[in-house]
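Enquirer: Handing you a structure now.
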Number of protein chains: 2
Amino acid sequence: MSGRIASLILALVLLTGQQPVRWQSKGSADGFDLVDKAGNIRNPSDVRDLYRLLGTYTVELDPKGEEMHVTYASPDAAKYYRKNGKFADGTVLVKEVFATDHAAMTTGDAHWASDTKVRFVMIKDDKNRYPNNSLWGDGWGWALFKADAPDKQVATDYKKDCLGCHLPAQSTGWVYVQGYPVLKSK
Amino acid sequence: MSGRIASLILALVLLTGQQPVRWQSKGSADGFDLVDKAGNIRNPSDVRDLYRLLGTYTVELDPKGEEMHVTYASPDAAKYYRKNGKFADGTVLVKEVFATDHAAMTTGDAHWASDTKVRFVMIKDDKNRYPNNSLWGDGWGWALFKADAPDKQVATDYKKDCLGCHLPAQSTGWVYVQGYPVLKSK
């Protein structure tokens, strides 16, 4: 009979197996699956298929041009944030920076994402797990991947490579939460 | 012993119960869960928490102002589209139209979504299920909900209320697929 129960468990696991099991069996994503013992961060796969949108910023570049910054979060990140006012330990945020195209549409001049330029990854770390790694600090792990070599993490020091652009968001945990409607209501 | 198996099933259902079961047990979402026998479409709940991003358009309004149009799809929609070059029967697309705020940021003038104005819903229908309902046709069900009364569907005729803005996208199944990177690569 224990064999029958084991078969039943296997069948149920297969039936619910549309997504990797780790996203379904926990209340929040465990971003540390992406991190090795030394603190090196891998580029998460299937972000567009599995993560949820936090929000989109468009940025008018100086002197000209425009980027679209799209930020995704691991599946239960927003739910936890709405309840607790902060991101859970292990939450993964991914920001894809896109070039844009535009054209006149029926409702006005429309702009949309074209090619990916770079991808930023942040992993929430409440326990200061990698004190000797220069890509971890201020409550997060920080990583940067370029579109032409997506497996190669290229940031070397989060204080130099990442924090500059996040300074205006220091009071909200280094994240630009004002542009993420899902953190306020589902 | 069958009681023990039933308890086991219940426990497993509870353990994997972070999301409604209907999203986990099927290869594609069944948007017809949102539709009654007459073809009336309900506003789907938990879209921001459960659906995936297709993409974002910003639209510069004439004479002035800007909107952000964010389109979400039911969970496996993009995966199916990449494989088959079209949306699966029952796929749900939701477009939230936001007002925007903007401010000078470190990388340039940045724009982001503020309040929701309206929400459009489309449900893919390959079988012409509701030939007598004026909100169904051209392969989709069409619906519109305003932010101040989100439970009330207010479109009356998709040809008058919806199709006008979708005409430029007729050749791509009435959907502006060029702005949705996830339909090209995950």
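Here's how to read the names in the structure tokens: chain A, B, ... by the order shown, residue numbers from 1 in each chain, ligand numbers from 1 in the order shown.
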Sort by chain and increasing residue number a table of all residues of chain B within 7 Å of chain A, each with its closest pair of atoms and their distance in Å to one decimal, counting only C-alpha atoms, and write it as CSV.
Expert:
residue,atom,partner,partner_atom,distance
B:Ile5,CA,A:Ile5,CA,7.0
B:Leu15,CA,A:Ser25,CA,6.6
B:Thr16,CA,A:Ser25,CA,5.7
B:Gln18,CA,A:Gln24,CA,6.9
B:Gln24,CA,A:Thr16,CA,5.6
B:Ser25,CA,A:Thr16,CA,5.6
B:Asp46,CA,A:Lys186,CA,5.9
B:Arg48,CA,A:Lys186,CA,5.7
B:Asp49,CA,A:Lys186,CA,6.3
B:Arg52,CA,A:Arg52,CA,5.7
B:Leu53,CA,A:Leu53,CA,5.9
B:Thr56,CA,A:Trp112,CA,6.3
B:Tyr57,CA,A:Trp112,CA,4.9
B:Thr58,CA,A:His111,CA,5.2
B:Val59,CA,A:Ala110,CA,4.4
B:Glu60,CA,A:Asp109,CA,5.2
B:Leu61,CA,A:Gly108,CA,5.1
B:Asp62,CA,A:Gly108,CA,6.2
B:Thr106,CA,A:Cys165,CA,5.8
B:Thr107,CA,A:Leu61,CA,6.7
B:Gly108,CA,A:Leu61,CA,5.1
B:Asp109,CA,A:Glu60,CA,5.2
B:Ala110,CA,A:Val59,CA,4.4
B:His111,CA,A:Thr58,CA,5.2
B:Trp112,CA,A:Tyr57,CA,4.9
B:Ala113,CA,A:Gly179,CA,5.6
B:Ser114,CA,A:Gly179,CA,6.9
B:Cys165,CA,A:Thr106,CA,5.8
B:Gly179,CA,A:Trp112,CA,5.1
B:Val182,CA,A:Arg48,CA,6.2
B:Lys186,CA,A:Arg48,CA,5.7
Enquirer: Write out as a PyMOL selection string all residues of region 92-185 of chain A that DSSP puts in strand (DSSP E or B) for this structure's backbone.
Expert: chain A and resi 92-105+108-124+136-137+140-146+149-153
Enquirer: I'd like to know which residues of region 39-156 of chain B are helix (DSSP H, G or I) (by DSSP, run on the backbone); could you write them as a ChimeraX atom specification?
Expert: /B:47-50,77-84
Enquirer: Considering only C-alpha atoms, can you say which of A:Ala143, A:Val92, A:Val175, A:Ala149 comes closest to Lys124 (chain A)?
Expert: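 That would be A:Val92, the residue with the smallest distance to Lys124 (chain A).
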Enquirer: Would you list the contacts of Trp142 (chain B) as a PyMOL selection string, taking every protein, DNA or RNA residue within 7 Å and counting only C-alpha atoms, but skipping same-chain residues closer than 5 positions in sequence?
Expert: chain B and resi 121-123+135-136+158
Enquirer: Within 7 Å of Leu144 (chain A), counting only C-alpha atoms, which residues show up once you throw out same-chain ones fewer than 2 positions away? Write them as a PyMOL selection string, please.
Expert: chain A and resi 119-121+146+153-155
Enquirer: Those same residues, written as a compact mmCIF listing (two decimals), in the first residue's frame with C-alpha atoms?
Expert:
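Below is the file that was written, out.txt:
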# COMPACT_ATOMS: atom_id res chain seq x y z
CA ARG A 119 19.77 42.50 -17.25
CA PHE A 120 20.23 43.40 -13.58
CA VAL A 121 19.53 40.86 -10.85
CA LYS A 146 24.88 41.74 -20.80
CA GLN A 153 28.15 38.08 -14.54
CA VAL A 154 30.16 41.25 -15.19
CA ALA A 155 29.71 43.52 -12.17
Enquirer: Counting only C-alpha atoms, figure out which residue out of B:Phe145, B:Tyr130, B:Tyr81, B:Trp140 gets nearest to Asp36 (chain B).
Expert: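 Checking each candidate against Asp36 (chain B), we get B:Tyr130 as the closest.
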Enquirer: Please determine, counting only C-alpha atoms, which residue among B:Pro44, B:Gly90, B:Gly137, B:Gly85 has the shortest atom-to-atom distance to Pro150 (chain B).
Expert: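 Under the stated criterion, the closest residue is B:Pro44.
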Enquirer: Between CA of Arg42 (chain A) and CA of Val118 (chain A), what is the spacing in Å?
Expert: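 Separation between CA of Val118 (chain A) and CA of Arg42 (chain A): 14.2 Å.
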